[in-house]
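Scroll down for the structure; my scribbles are underneath it.
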Amino acid sequence: MDFLRSKEMFKRNVKCGEISENEIGKTVIVNGWIHRKRDLGGLLFIDLRDRSGIVQVVVDPKNISKEKSEEIQGLKNESVVGIEGKVKNRLEPNLNLPTGKFEILLQAFEIFSKSEDLPFNQFSSQEVDETVRLKYRYLDLRRPEIRKVFELRSRIIQAIRTFFINRDFIEIETPILTKSTPEGARDFIVPSRLNKGKFYALPQSPQLFKQILMIGGFEKYFQIARCFRDEDLRQDRQPEFTQLDVEMSFIEQGDILKLMEEMYKDLFKEILGVEIEIPFQRVSYVDAKKKFGSDKPDTRFGMEIKDLTDYFKETGIQIIRDGMKNGKVVLALFLPGGAALSRREVDDLKEQMTDFGLNGFIDFKIKKGEIISSFSKYLTEKEKSGILGTGQPDNLALIFVVNSKNGFDQVGRVRILLAEKYNLVKKDKFNFIWVVDFPFFAYNEKEGRYEAEHHPFTMPKPEDLEKLETDKEHVKALAYDLVLNGNELGGGSIRIHNPELQKRVFKAIGLSDVEVEQKFGFLVQALSFGAPPHGGIAFGLDRLVWIMNGGTGSLRDVIAFPKTTSGICPLTEAPNEVSKKQLNDVGIKTENG
RNA sequence: GGGGUCGUAGUGUAGUGGUUCAACACGCUGGCCUGUCACGCCGGAGACCAUGGGUUCAAAUCCCAUCGAUCCCGCCA
């Protein structure tokens, strides 16, 4: 291991996985990691691995000195070496290996670096604690399955870039050090040394910059942008994530939806070889909530929520009657094949309902046009027709008596549970669906005020403008989300390009003139110097890669260096303390001095 | 912020309903082995059972707290 090399390194002239007939009889040099050794005493086999694959090297003591032989024999797995030797056919091929017909007879070698004992075996099928894996992320990254994820990710990004560049879009970078804004997620903040006591914020998205780029006349912008949100993490949420960000001028909502449909069609065709049908299905926000109990409906299976309230207006079943007196509604799910479930299975299901904030449900089995249930004798003809008219034979009808406000969401979650539990989801399907006509405002109970459901730069639907001050509940937005298999891929909106309207909206969400001036003065001003009509969309790229990779595991699997649920990077141990001097420089004192 | 699950050698697991319980596999290590390919065979070392407190004659095991991991709710315009 001469670090100050006096000679040329043993640089490879062929890759491990590419050893073939062509090299037979030739002397080659391969570089790589010692994947595994099989020491038979007199004879040593080494599986040498590089990115291309694995090849077997044979160390025969006849060919090298005793010291050299012992030196290579003593190397631990994952040490990195260069090996020179002659390629020959194997006596007994190993058909499990692409290079299994060949082997390299070692003549000379160079040790590039020795490995210590490994903290875990990254090639074992054993599941190792994820924190340990992340601490030694580089070991895991050497696994071909893991590497493939990042090859996929790279190809996806490449395809996206090509798509937009071919359509005359300009990729522009926007600042990472920017300004903290109210509304939306919590910002990560960065202290400023040159401006003591002041802070930058990391962008939650390039939202304002891309609008300003439109005002700047770029007309078509996109960016693969890093975004930051200081909120609690989830399986599908990281504090920093990558977004495909798009904005266009002189367009309407339909133009953006169409463009994105084309992009996804191309992308899925090129990367996965899957034909996606366009245009995508569309559903209004209200209908999505009513049919699927979610604003990100998974449409890979049916089982839509049915509202049977009208059928049960005069019911003799007391729990339903009592519930309806309190303004509750009667919702039903029809589980295909559920009539075959045992009493026990149905009861277990009922018990699980508490997880969703539900007391349970009333169940009716539908068999050969008959309703079978302990309640069936109380059913009126009208109620029977409601159940039979909606459900199919062999279904289990689950009747929920729930609040009209959040009941649909609760039942929507039960719908997902049932689909997973009884394998109703067609796993190989890619169901894209646009959710449109979002409400403009959302009431924040905690703060007792209305906020923008999407964001405050969104254009209200023109016909709802007059309700902006008087009837906030019913103002709809020119906003849209794209949902794939029940995952929100992303969303966007047509933006406000009129400074007066923008001020009105700020006011409607309770921002004072002073706050508007302080926080968004630059935007209002920009809008007043000639802003084109514009709009755009943004997609979570990590989530897209995750889905295209099969949608298993967590988002952490498609990020090279992800953080744990508590926002920690086990590899670098970020976040961490900084020195007193660093704090002094930026004028910060911590609580413990 | 709230709730669920989990935490035992380097790694993965067993043990857990109170007192011979700290075991097994992989890895590591000493020895043997010239055709293996998850090489094999014989031997060895390695864990105060996440941390702190409590209950008890007795705690890996029961209770509480803390920390960490993970999943969910809130939150994420």
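Labels for the structure tokens follow display order: chains A, B, ..., residues from 1 in each chain, ligands from 1.
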
Pick out each residue of segment 421-551 of chain A that DSSP on the backbone tags as helix (DSSP H, G or I); I need them as a PDB file with N, CA and C atoms, in the first residue's frame.
ATOM      1  N   LYS A 421     -56.322  -5.406   3.044  1.00  0.00           N
ATOM      2  CA  LYS A 421     -56.525  -6.638   3.790  1.00  0.00           C
ATOM      3  C   LYS A 421     -57.022  -7.761   2.879  1.00  0.00           C
ATOM      4  N   PRO A 462     -62.978  32.465 -11.258  1.00  0.00           N
ATOM      5  CA  PRO A 462     -63.512  33.796 -11.538  1.00  0.00           C
ATOM      6  C   PRO A 462     -64.946  33.981 -11.052  1.00  0.00           C
ATOM      7  N   GLU A 463     -65.767  32.932 -11.205  1.00  0.00           N
ATOM      8  CA  GLU A 463     -67.164  33.094 -10.810  1.00  0.00           C
ATOM      9  C   GLU A 463     -67.349  33.176  -9.294  1.00  0.00           C
ATOM     10  N   ASP A 464     -66.297  32.843  -8.542  1.00  0.00           N
ATOM     11  CA  ASP A 464     -66.424  32.877  -7.079  1.00  0.00           C
ATOM     12  C   ASP A 464     -65.822  34.129  -6.450  1.00  0.00           C
ATOM     13  N   LEU A 465     -65.299  35.017  -7.297  1.00  0.00           N
ATOM     14  CA  LEU A 465     -64.559  36.163  -6.768  1.00  0.00           C
ATOM     15  C   LEU A 465     -65.382  37.000  -5.794  1.00  0.00           C
ATOM     16  N   GLU A 466     -66.683  37.134  -6.100  1.00  0.00           N
ATOM     17  CA  GLU A 466     -67.489  38.003  -5.242  1.00  0.00           C
ATOM     18  C   GLU A 466     -67.697  37.413  -3.852  1.00  0.00           C
ATOM     19  N   LYS A 467     -67.483  36.085  -3.721  1.00  0.00           N
ATOM     20  CA  LYS A 467     -67.695  35.437  -2.414  1.00  0.00           C
ATOM     21  C   LYS A 467     -66.457  35.513  -1.526  1.00  0.00           C
ATOM     22  N   LYS A 472     -66.707  32.494   2.266  1.00  0.00           N
ATOM     23  CA  LYS A 472     -65.416  31.835   2.053  1.00  0.00           C
ATOM     24  C   LYS A 472     -65.549  30.326   1.836  1.00  0.00           C
ATOM     25  N   GLU A 473     -66.512  29.717   2.533  1.00  0.00           N
ATOM     26  CA  GLU A 473     -66.672  28.263   2.428  1.00  0.00           C
ATOM     27  C   GLU A 473     -66.857  27.803   0.986  1.00  0.00           C
ATOM     28  N   HIS A 474     -67.450  28.673   0.167  1.00  0.00           N
ATOM     29  CA  HIS A 474     -67.841  28.210  -1.156  1.00  0.00           C
ATOM     30  C   HIS A 474     -66.993  28.741  -2.293  1.00  0.00           C
ATOM     31  N   PRO A 499     -52.191  42.689  -8.904  1.00  0.00           N
ATOM     32  CA  PRO A 499     -51.784  43.061  -7.542  1.00  0.00           C
ATOM     33  C   PRO A 499     -52.970  43.371  -6.633  1.00  0.00           C
ATOM     34  N   GLU A 500     -54.033  43.939  -7.181  1.00  0.00           N
ATOM     35  CA  GLU A 500     -55.180  44.283  -6.334  1.00  0.00           C
ATOM     36  C   GLU A 500     -55.866  43.018  -5.825  1.00  0.00           C
ATOM     37  N   LEU A 501     -56.032  42.047  -6.723  1.00  0.00           N
ATOM     38  CA  LEU A 501     -56.652  40.788  -6.314  1.00  0.00           C
ATOM     39  C   LEU A 501     -55.769  40.083  -5.291  1.00  0.00           C
ATOM     40  N   GLN A 502     -54.465  40.137  -5.524  1.00  0.00           N
ATOM     41  CA  GLN A 502     -53.543  39.492  -4.593  1.00  0.00           C
ATOM     42  C   GLN A 502     -53.685  40.101  -3.202  1.00  0.00           C
ATOM     43  N   LYS A 503     -53.814  41.426  -3.145  1.00  0.00           N
ATOM     44  CA  LYS A 503     -53.980  42.087  -1.846  1.00  0.00           C
ATOM     45  C   LYS A 503     -55.297  41.673  -1.185  1.00  0.00           C
ATOM     46  N   ARG A 504     -56.339  41.545  -2.021  1.00  0.00           N
ATOM     47  CA  ARG A 504     -57.641  41.129  -1.488  1.00  0.00           C
ATOM     48  C   ARG A 504     -57.548  39.746  -0.857  1.00  0.00           C
ATOM     49  N   VAL A 505     -56.841  38.860  -1.533  1.00  0.00           N
ATOM     50  CA  VAL A 505     -56.711  37.504  -1.009  1.00  0.00           C
ATOM     51  C   VAL A 505     -55.908  37.496   0.291  1.00  0.00           C
ATOM     52  N   PHE A 506     -54.830  38.237   0.310  1.00  0.00           N
ATOM     53  CA  PHE A 506     -54.050  38.317   1.556  1.00  0.00           C
ATOM     54  C   PHE A 506     -54.946  38.784   2.699  1.00  0.00           C
ATOM     55  N   LYS A 507     -55.753  39.762   2.400  1.00  0.00           N
ATOM     56  CA  LYS A 507     -56.651  40.311   3.416  1.00  0.00           C
ATOM     57  C   LYS A 507     -57.649  39.247   3.866  1.00  0.00           C
ATOM     58  N   ALA A 508     -58.149  38.476   2.898  1.00  0.00           N
ATOM     59  CA  ALA A 508     -59.159  37.466   3.203  1.00  0.00           C
ATOM     60  C   ALA A 508     -58.627  36.369   4.110  1.00  0.00           C
ATOM     61  N   ASP A 513     -52.182  44.780   6.334  1.00  0.00           N
ATOM     62  CA  ASP A 513     -51.432  45.502   5.298  1.00  0.00           C
ATOM     63  C   ASP A 513     -49.944  45.520   5.612  1.00  0.00           C
ATOM     64  N   VAL A 514     -49.649  45.695   6.905  1.00  0.00           N
ATOM     65  CA  VAL A 514     -48.237  45.759   7.317  1.00  0.00           C
ATOM     66  C   VAL A 514     -47.548  44.417   7.043  1.00  0.00           C
ATOM     67  N   GLU A 515     -48.224  43.329   7.421  1.00  0.00           N
ATOM     68  CA  GLU A 515     -47.639  42.006   7.191  1.00  0.00           C
ATOM     69  C   GLU A 515     -47.436  41.748   5.699  1.00  0.00           C
ATOM     70  N   VAL A 516     -48.436  42.106   4.929  1.00  0.00           N
ATOM     71  CA  VAL A 516     -48.347  41.908   3.485  1.00  0.00           C
ATOM     72  C   VAL A 516     -47.139  42.657   2.940  1.00  0.00           C
ATOM     73  N   GLU A 517     -47.005  43.890   3.367  1.00  0.00           N
ATOM     74  CA  GLU A 517     -45.903  44.715   2.881  1.00  0.00           C
ATOM     75  C   GLU A 517     -44.563  44.084   3.274  1.00  0.00           C
ATOM     76  N   GLN A 518     -44.498  43.648   4.545  1.00  0.00           N
ATOM     77  CA  GLN A 518     -43.257  43.090   5.065  1.00  0.00           C
ATOM     78  C   GLN A 518     -42.885  41.772   4.394  1.00  0.00           C
ATOM     79  N   LYS A 519     -43.897  40.893   4.282  1.00  0.00           N
ATOM     80  CA  LYS A 519     -43.614  39.539   3.843  1.00  0.00           C
ATOM     81  C   LYS A 519     -43.671  39.386   2.325  1.00  0.00           C
ATOM     82  N   PHE A 520     -44.629  40.050   1.710  1.00  0.00           N
ATOM     83  CA  PHE A 520     -44.848  39.810   0.284  1.00  0.00           C
ATOM     84  C   PHE A 520     -44.816  41.080  -0.546  1.00  0.00           C
ATOM     85  N   GLY A 521     -44.285  42.155   0.057  1.00  0.00           N
ATOM     86  CA  GLY A 521     -44.247  43.430  -0.656  1.00  0.00           C
ATOM     87  C   GLY A 521     -43.605  43.295  -2.024  1.00  0.00           C
ATOM     88  N   PHE A 522     -42.525  42.536  -2.081  1.00  0.00           N
ATOM     89  CA  PHE A 522     -41.792  42.402  -3.351  1.00  0.00           C
ATOM     90  C   PHE A 522     -42.635  41.725  -4.412  1.00  0.00           C
ATOM     91  N   LEU A 523     -43.496  40.790  -3.983  1.00  0.00           N
ATOM     92  CA  LEU A 523     -44.347  40.109  -4.964  1.00  0.00           C
ATOM     93  C   LEU A 523     -45.422  41.063  -5.486  1.00  0.00           C
ATOM     94  N   VAL A 524     -46.078  41.750  -4.565  1.00  0.00           N
ATOM     95  CA  VAL A 524     -47.139  42.678  -4.981  1.00  0.00           C
ATOM     96  C   VAL A 524     -46.554  43.728  -5.917  1.00  0.00           C
ATOM     97  N   GLN A 525     -45.374  44.194  -5.568  1.00  0.00           N
ATOM     98  CA  GLN A 525     -44.737  45.191  -6.418  1.00  0.00           C
ATOM     99  C   GLN A 525     -44.443  44.619  -7.797  1.00  0.00           C
ATOM    100  N   ALA A 526     -43.890  43.394  -7.811  1.00  0.00           N
ATOM    101  CA  ALA A 526     -43.572  42.764  -9.099  1.00  0.00           C
ATOM    102  C   ALA A 526     -44.825  42.620  -9.944  1.00  0.00           C
ATOM    103  N   LEU A 527     -45.938  42.258  -9.296  1.00  0.00           N
ATOM    104  CA  LEU A 527     -47.189  42.081 -10.026  1.00  0.00           C
ATOM    105  C   LEU A 527     -47.660  43.396 -10.653  1.00  0.00           C
ATOM    106  N   LEU A 541     -40.540  14.503  -6.447  1.00  0.00           N
ATOM    107  CA  LEU A 541     -39.787  13.573  -7.286  1.00  0.00           C
ATOM    108  C   LEU A 541     -39.422  12.293  -6.529  1.00  0.00           C
ATOM    109  N   ASP A 542     -39.103  12.456  -5.247  1.00  0.00           N
ATOM    110  CA  ASP A 542     -38.749  11.280  -4.451  1.00  0.00           C
ATOM    111  C   ASP A 542     -39.909  10.287  -4.434  1.00  0.00           C
ATOM    112  N   ARG A 543     -41.090  10.844  -4.229  1.00  0.00           N
ATOM    113  CA  ARG A 543     -42.272   9.997  -4.160  1.00  0.00           C
ATOM    114  C   ARG A 543     -42.514   9.298  -5.505  1.00  0.00           C
ATOM    115  N   LEU A 544     -42.283  10.033  -6.584  1.00  0.00           N
ATOM    116  CA  LEU A 544     -42.469   9.443  -7.912  1.00  0.00           C
ATOM    117  C   LEU A 544     -41.488   8.284  -8.133  1.00  0.00           C
ATOM    118  N   VAL A 545     -40.235   8.516  -7.773  1.00  0.00           N
ATOM    119  CA  VAL A 545     -39.228   7.461  -7.916  1.00  0.00           C
ATOM    120  C   VAL A 545     -39.631   6.259  -7.070  1.00  0.00           C
ATOM    121  N   TRP A 546     -40.106   6.553  -5.880  1.00  0.00           N
ATOM    122  CA  TRP A 546     -40.522   5.506  -4.948  1.00  0.00           C
ATOM    123  C   TRP A 546     -41.613   4.634  -5.585  1.00  0.00           C
ATOM    124  N   ILE A 547     -42.606   5.285  -6.167  1.00  0.00           N
ATOM    125  CA  ILE A 547     -43.699   4.532  -6.786  1.00  0.00           C
ATOM    126  C   ILE A 547     -43.192   3.754  -7.994  1.00  0.00           C
ATOM    127  N   MET A 548     -42.365   4.405  -8.820  1.00  0.00           N
ATOM    128  CA  MET A 548     -41.876   3.736 -10.023  1.00  0.00           C
ATOM    129  C   MET A 548     -40.925   2.600  -9.672  1.00  0.00           C
TER     130      MET A 548
END

Do you have, as JSON lines, the list of residues of chain B lying at most 12 Å from chain A, each with its nearest atom pair and that distance in Å to one decimal, counting only C-alpha atoms (C1' of nucleotides) and ordered by chain then number?
{"residue": "B:G1", "atom": "C1'", "partner": "A:Asp232", "partner_atom": "CA", "distance": 10.7}
{"residue": "B:G3", "atom": "C1'", "partner": "A:Asp355", "partner_atom": "CA", "distance": 10.1}
{"residue": "B:G4", "atom": "C1'", "partner": "A:Asp355", "partner_atom": "CA", "distance": 10.1}
{"residue": "B:C6", "atom": "C1'", "partner": "A:Asp129", "partner_atom": "CA", "distance": 11.0}
{"residue": "B:G7", "atom": "C1'", "partner": "A:Asp129", "partner_atom": "CA", "distance": 10.6}
{"residue": "B:G10", "atom": "C1'", "partner": "A:Pro119", "partner_atom": "CA", "distance": 5.4}
{"residue": "B:U11", "atom": "C1'", "partner": "A:Phe120", "partner_atom": "CA", "distance": 5.0}
{"residue": "B:G12", "atom": "C1'", "partner": "A:Gln126", "partner_atom": "CA", "distance": 5.9}
{"residue": "B:U13", "atom": "C1'", "partner": "A:Gln126", "partner_atom": "CA", "distance": 9.9}
{"residue": "B:A25", "atom": "C1'", "partner": "A:Gln126", "partner_atom": "CA", "distance": 10.8}
{"residue": "B:C26", "atom": "C1'", "partner": "A:Ser124", "partner_atom": "CA", "distance": 8.6}
{"residue": "B:G27", "atom": "C1'", "partner": "A:Asn121", "partner_atom": "CA", "distance": 7.9}
{"residue": "B:C28", "atom": "C1'", "partner": "A:Asp117", "partner_atom": "CA", "distance": 7.8}
{"residue": "B:U29", "atom": "C1'", "partner": "A:Asp117", "partner_atom": "CA", "distance": 11.9}
{"residue": "B:G31", "atom": "C1'", "partner": "A:Gly41", "partner_atom": "CA", "distance": 11.4}
{"residue": "B:C32", "atom": "C1'", "partner": "A:Gly41", "partner_atom": "CA", "distance": 8.3}
{"residue": "B:C33", "atom": "C1'", "partner": "A:Gly41", "partner_atom": "CA", "distance": 5.2}
{"residue": "B:U34", "atom": "C1'", "partner": "A:Leu43", "partner_atom": "CA", "distance": 5.0}
{"residue": "B:G35", "atom": "C1'", "partner": "A:Leu91", "partner_atom": "CA", "distance": 7.9}
{"residue": "B:U36", "atom": "C1'", "partner": "A:Arg38", "partner_atom": "CA", "distance": 6.2}
{"residue": "B:C37", "atom": "C1'", "partner": "A:Asn94", "partner_atom": "CA", "distance": 7.1}
{"residue": "B:A38", "atom": "C1'", "partner": "A:Ser124", "partner_atom": "CA", "distance": 8.9}
{"residue": "B:C39", "atom": "C1'", "partner": "A:Arg38", "partner_atom": "CA", "distance": 6.0}
{"residue": "B:G40", "atom": "C1'", "partner": "A:Leu40", "partner_atom": "CA", "distance": 8.7}
{"residue": "B:C41", "atom": "C1'", "partner": "A:Leu40", "partner_atom": "CA", "distance": 11.6}
{"residue": "B:G68", "atom": "C1'", "partner": "A:Ser566", "partner_atom": "CA", "distance": 9.5}
{"residue": "B:A69", "atom": "C1'", "partner": "A:Thr131", "partner_atom": "CA", "distance": 7.2}
{"residue": "B:U70", "atom": "C1'", "partner": "A:Thr565", "partner_atom": "CA", "distance": 7.8}
{"residue": "B:C71", "atom": "C1'", "partner": "A:Gln235", "partner_atom": "CA", "distance": 7.8}
{"residue": "B:C72", "atom": "C1'", "partner": "A:Arg234", "partner_atom": "CA", "distance": 9.1}
{"residue": "B:C73", "atom": "C1'", "partner": "A:Phe356", "partner_atom": "CA", "distance": 9.6}
{"residue": "B:G74", "atom": "C1'", "partner": "A:Asp232", "partner_atom": "CA", "distance": 9.9}
{"residue": "B:C75", "atom": "C1'", "partner": "A:Glu231", "partner_atom": "CA", "distance": 6.7}
{"residue": "B:C76", "atom": "C1'", "partner": "A:Glu231", "partner_atom": "CA", "distance": 6.0}
{"residue": "B:A77", "atom": "C1'", "partner": "A:Gly184", "partner_atom": "CA", "distance": 4.1}

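Within segment 339-409 of chain A, the backbone-based DSSP assignment of strand (DSSP E) covers Ile362, Asp363, Phe364, Lys365, Ile366, Lys367, Glu370, Ile371, Ile372, Leu396, Ala397, Leu398, Ile399, Phe400, Val401 and Val402 of chain A.
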
Emit the selected residues as a compact mmCIF listing (two decimals), in the first residue's frame, including all heavy atoms.
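For reference, again_5.txt as written:
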# COMPACT_ATOMS: atom_id res chain seq x y z
N ILE A 362 -72.69 -1.76 11.05
CA ILE A 362 -73.71 -2.81 10.97
C ILE A 362 -73.44 -3.56 9.68
O ILE A 362 -73.21 -2.95 8.63
CB ILE A 362 -75.12 -2.20 10.96
CG1 ILE A 362 -75.32 -1.36 12.21
CG2 ILE A 362 -76.18 -3.29 10.83
CD1 ILE A 362 -76.54 -0.47 12.15
N ASP A 363 -73.44 -4.89 9.76
CA ASP A 363 -73.09 -5.65 8.56
C ASP A 363 -74.27 -6.44 8.03
O ASP A 363 -75.08 -6.99 8.79
CB ASP A 363 -71.93 -6.60 8.88
CG ASP A 363 -72.24 -7.52 10.03
OD1 ASP A 363 -72.34 -7.03 11.17
OD2 ASP A 363 -72.43 -8.75 9.79
N PHE A 364 -74.38 -6.43 6.74
CA PHE A 364 -75.39 -7.23 6.05
C PHE A 364 -74.68 -8.05 4.99
O PHE A 364 -73.90 -7.50 4.22
CB PHE A 364 -76.40 -6.33 5.34
CG PHE A 364 -77.18 -5.44 6.27
CD1 PHE A 364 -76.81 -4.11 6.44
CD2 PHE A 364 -78.27 -5.92 6.96
CE1 PHE A 364 -77.52 -3.28 7.29
CE2 PHE A 364 -78.99 -5.09 7.82
CZ PHE A 364 -78.62 -3.77 7.98
N LYS A 365 -74.94 -9.33 4.98
CA LYS A 365 -74.39 -10.15 3.90
C LYS A 365 -75.42 -10.23 2.78
O LYS A 365 -76.61 -10.40 3.03
CB LYS A 365 -74.05 -11.55 4.41
CG LYS A 365 -72.84 -11.53 5.32
CD LYS A 365 -72.49 -12.89 5.85
CE LYS A 365 -71.21 -12.79 6.69
NZ LYS A 365 -70.92 -14.05 7.37
N ILE A 366 -74.93 -10.09 1.57
CA ILE A 366 -75.83 -10.17 0.43
C ILE A 366 -75.58 -11.49 -0.29
O ILE A 366 -74.51 -11.70 -0.88
CB ILE A 366 -75.61 -9.00 -0.54
CG1 ILE A 366 -75.76 -7.67 0.21
CG2 ILE A 366 -76.57 -9.08 -1.72
CD1 ILE A 366 -75.41 -6.45 -0.59
N LYS A 367 -76.56 -12.39 -0.20
CA LYS A 367 -76.41 -13.70 -0.84
C LYS A 367 -77.65 -13.99 -1.68
O LYS A 367 -78.76 -14.00 -1.15
CB LYS A 367 -76.25 -14.81 0.22
CG LYS A 367 -74.86 -14.83 0.86
CD LYS A 367 -74.74 -15.98 1.84
CE LYS A 367 -73.36 -16.01 2.47
NZ LYS A 367 -73.32 -16.91 3.63
N GLU A 370 -80.67 -12.02 -1.26
CA GLU A 370 -81.21 -11.95 0.09
C GLU A 370 -80.25 -11.19 0.98
O GLU A 370 -79.03 -11.24 0.79
CB GLU A 370 -81.37 -13.37 0.66
CG GLU A 370 -82.45 -14.19 0.02
CD GLU A 370 -83.84 -13.73 0.44
OE1 GLU A 370 -84.02 -13.46 1.65
OE2 GLU A 370 -84.72 -13.62 -0.43
N ILE A 371 -80.79 -10.51 1.95
CA ILE A 371 -79.95 -9.83 2.93
C ILE A 371 -79.92 -10.66 4.20
O ILE A 371 -80.97 -10.97 4.78
CB ILE A 371 -80.49 -8.43 3.22
CG1 ILE A 371 -80.43 -7.58 1.95
CG2 ILE A 371 -79.69 -7.77 4.33
CD1 ILE A 371 -81.03 -6.22 2.11
N ILE A 372 -78.73 -11.06 4.60
CA ILE A 372 -78.61 -11.91 5.77
C ILE A 372 -77.93 -11.12 6.88
O ILE A 372 -76.79 -10.68 6.74
CB ILE A 372 -77.81 -13.18 5.44
CG1 ILE A 372 -78.52 -13.93 4.33
CG2 ILE A 372 -77.65 -14.05 6.68
CD1 ILE A 372 -77.72 -15.03 3.70
N LEU A 396 -70.31 -8.04 1.28
CA LEU A 396 -70.65 -7.74 2.66
C LEU A 396 -70.89 -6.23 2.69
O LEU A 396 -70.01 -5.46 2.31
CB LEU A 396 -69.51 -8.11 3.60
CG LEU A 396 -69.73 -7.75 5.07
CD1 LEU A 396 -70.76 -8.68 5.70
CD2 LEU A 396 -68.42 -7.80 5.84
N ALA A 397 -72.09 -5.83 3.11
CA ALA A 397 -72.36 -4.40 3.24
C ALA A 397 -71.99 -3.96 4.63
O ALA A 397 -72.42 -4.55 5.62
CB ALA A 397 -73.83 -4.14 2.97
N LEU A 398 -71.13 -2.94 4.71
CA LEU A 398 -70.77 -2.36 6.00
C LEU A 398 -71.45 -1.01 6.08
O LEU A 398 -71.19 -0.12 5.27
CB LEU A 398 -69.25 -2.17 6.12
CG LEU A 398 -68.36 -3.41 6.19
CD1 LEU A 398 -68.24 -4.08 4.84
CD2 LEU A 398 -66.98 -3.03 6.72
N ILE A 399 -72.35 -0.87 7.05
CA ILE A 399 -73.11 0.37 7.18
C ILE A 399 -72.55 1.17 8.36
O ILE A 399 -72.47 0.66 9.49
CB ILE A 399 -74.60 0.07 7.45
CG1 ILE A 399 -75.13 -0.92 6.42
CG2 ILE A 399 -75.40 1.36 7.48
CD1 ILE A 399 -75.35 -0.38 5.04
N PHE A 400 -72.13 2.39 8.07
CA PHE A 400 -71.56 3.25 9.11
C PHE A 400 -72.50 4.41 9.38
O PHE A 400 -73.05 5.01 8.45
CB PHE A 400 -70.22 3.83 8.64
CG PHE A 400 -69.20 2.79 8.28
CD1 PHE A 400 -69.13 2.26 6.99
CD2 PHE A 400 -68.29 2.33 9.23
CE1 PHE A 400 -68.18 1.31 6.66
CE2 PHE A 400 -67.34 1.37 8.90
CZ PHE A 400 -67.29 0.85 7.62
N VAL A 401 -72.67 4.71 10.63
CA VAL A 401 -73.43 5.91 11.01
C VAL A 401 -72.42 6.91 11.54
O VAL A 401 -71.85 6.71 12.61
CB VAL A 401 -74.49 5.57 12.08
CG1 VAL A 401 -75.35 6.78 12.37
CG2 VAL A 401 -75.33 4.40 11.63
N VAL A 402 -72.18 7.95 10.76
CA VAL A 402 -71.05 8.83 11.08
C VAL A 402 -71.43 10.30 10.91
O VAL A 402 -72.43 10.64 10.29
CB VAL A 402 -69.85 8.54 10.14
CG1 VAL A 402 -69.29 7.17 10.40
CG2 VAL A 402 -70.27 8.66 8.68

- Message: Give me the residues near Cys16 of chain A as a list in words, where near means some atom within 10 Å (using only C-alpha atoms (C1' of nucleotides)) and where sequence neighbours in that chain fewer than 4 positions away do not count.
- Response: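 That gives Arg12, Ser20, Ile29, Val30, Asn31, Gly32, Asp47, Leu48, Arg49, Asp50, Arg51, Ser52, Gly53, Ile54, Val55, Gln56, Val57, Thr99 and Ile104 of chain A.
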
Query raised in the report: Any idea what's packed within 12 Å of segment 280-282 of chain A, counting only C-alpha atoms (C1' of nucleotides), ignoring anything in its chain fewer than 5 positions away? Could you give it as a PyMOL selection string?
Result: chain A and resi 254+257-262+264-265+287-288+295-299+430-437+480-484

Can I get the selection written as an mmCIF file, in the first residue's frame, with C-alpha atoms?
data_model
loop_
_atom_site.group_PDB
_atom_site.id
_atom_site.type_symbol
_atom_site.label_atom_id
_atom_site.label_comp_id
_atom_site.auth_asym_id
_atom_site.auth_seq_id
_atom_site.Cartn_x
_atom_site.Cartn_y
_atom_site.Cartn_z
ATOM 1 C CA GLY A 254 -56.098 22.738 -19.102
ATOM 2 C CA LEU A 257 -52.830 19.307 -17.106
ATOM 3 C CA LYS A 258 -52.314 18.308 -20.721
ATOM 4 C CA LEU A 259 -48.587 18.942 -20.642
ATOM 5 C CA MET A 260 -48.137 16.917 -17.485
ATOM 6 C CA GLU A 261 -50.192 14.062 -18.876
ATOM 7 C CA GLU A 262 -47.852 13.950 -21.838
ATOM 8 C CA TYR A 264 -46.081 11.088 -17.461
ATOM 9 C CA LYS A 265 -47.066 9.142 -20.560
ATOM 10 C CA ASP A 287 -66.737 14.107 -5.384
ATOM 11 C CA ALA A 288 -63.421 12.608 -4.330
ATOM 12 C CA ASP A 295 -58.617 14.038 -1.612
ATOM 13 C CA LYS A 296 -56.101 11.532 -2.971
ATOM 14 C CA PRO A 297 -58.275 8.639 -4.065
ATOM 15 C CA ASP A 298 -56.823 5.255 -4.916
ATOM 16 C CA THR A 299 -58.875 4.206 -7.936
ATOM 17 C CA PHE A 430 -50.907 2.933 -12.479
ATOM 18 C CA ASN A 431 -54.067 4.931 -11.928
ATOM 19 C CA PHE A 432 -53.530 8.634 -12.414
ATOM 20 C CA ILE A 433 -56.346 10.936 -11.469
ATOM 21 C CA TRP A 434 -56.614 14.718 -11.344
ATOM 22 C CA VAL A 435 -58.410 16.171 -8.382
ATOM 23 C CA VAL A 436 -59.743 19.608 -9.339
ATOM 24 C CA ASP A 437 -61.956 22.386 -7.984
ATOM 25 C CA TYR A 480 -55.337 20.834 -9.061
ATOM 26 C CA ASP A 481 -53.606 17.807 -7.602
ATOM 27 C CA LEU A 482 -52.329 14.788 -9.455
ATOM 28 C CA VAL A 483 -52.847 11.515 -7.621
ATOM 29 C CA LEU A 484 -51.297 8.185 -8.530
#

Which polymer residues have any atom within 8 Å of an atom of segment 76-81 of chain A, counting only C-alpha atoms (C1' of nucleotides), with same-chain residues fewer than 2 positions away left out, as a ChimeraX atom specification? /A:31-37,74,83,109-117
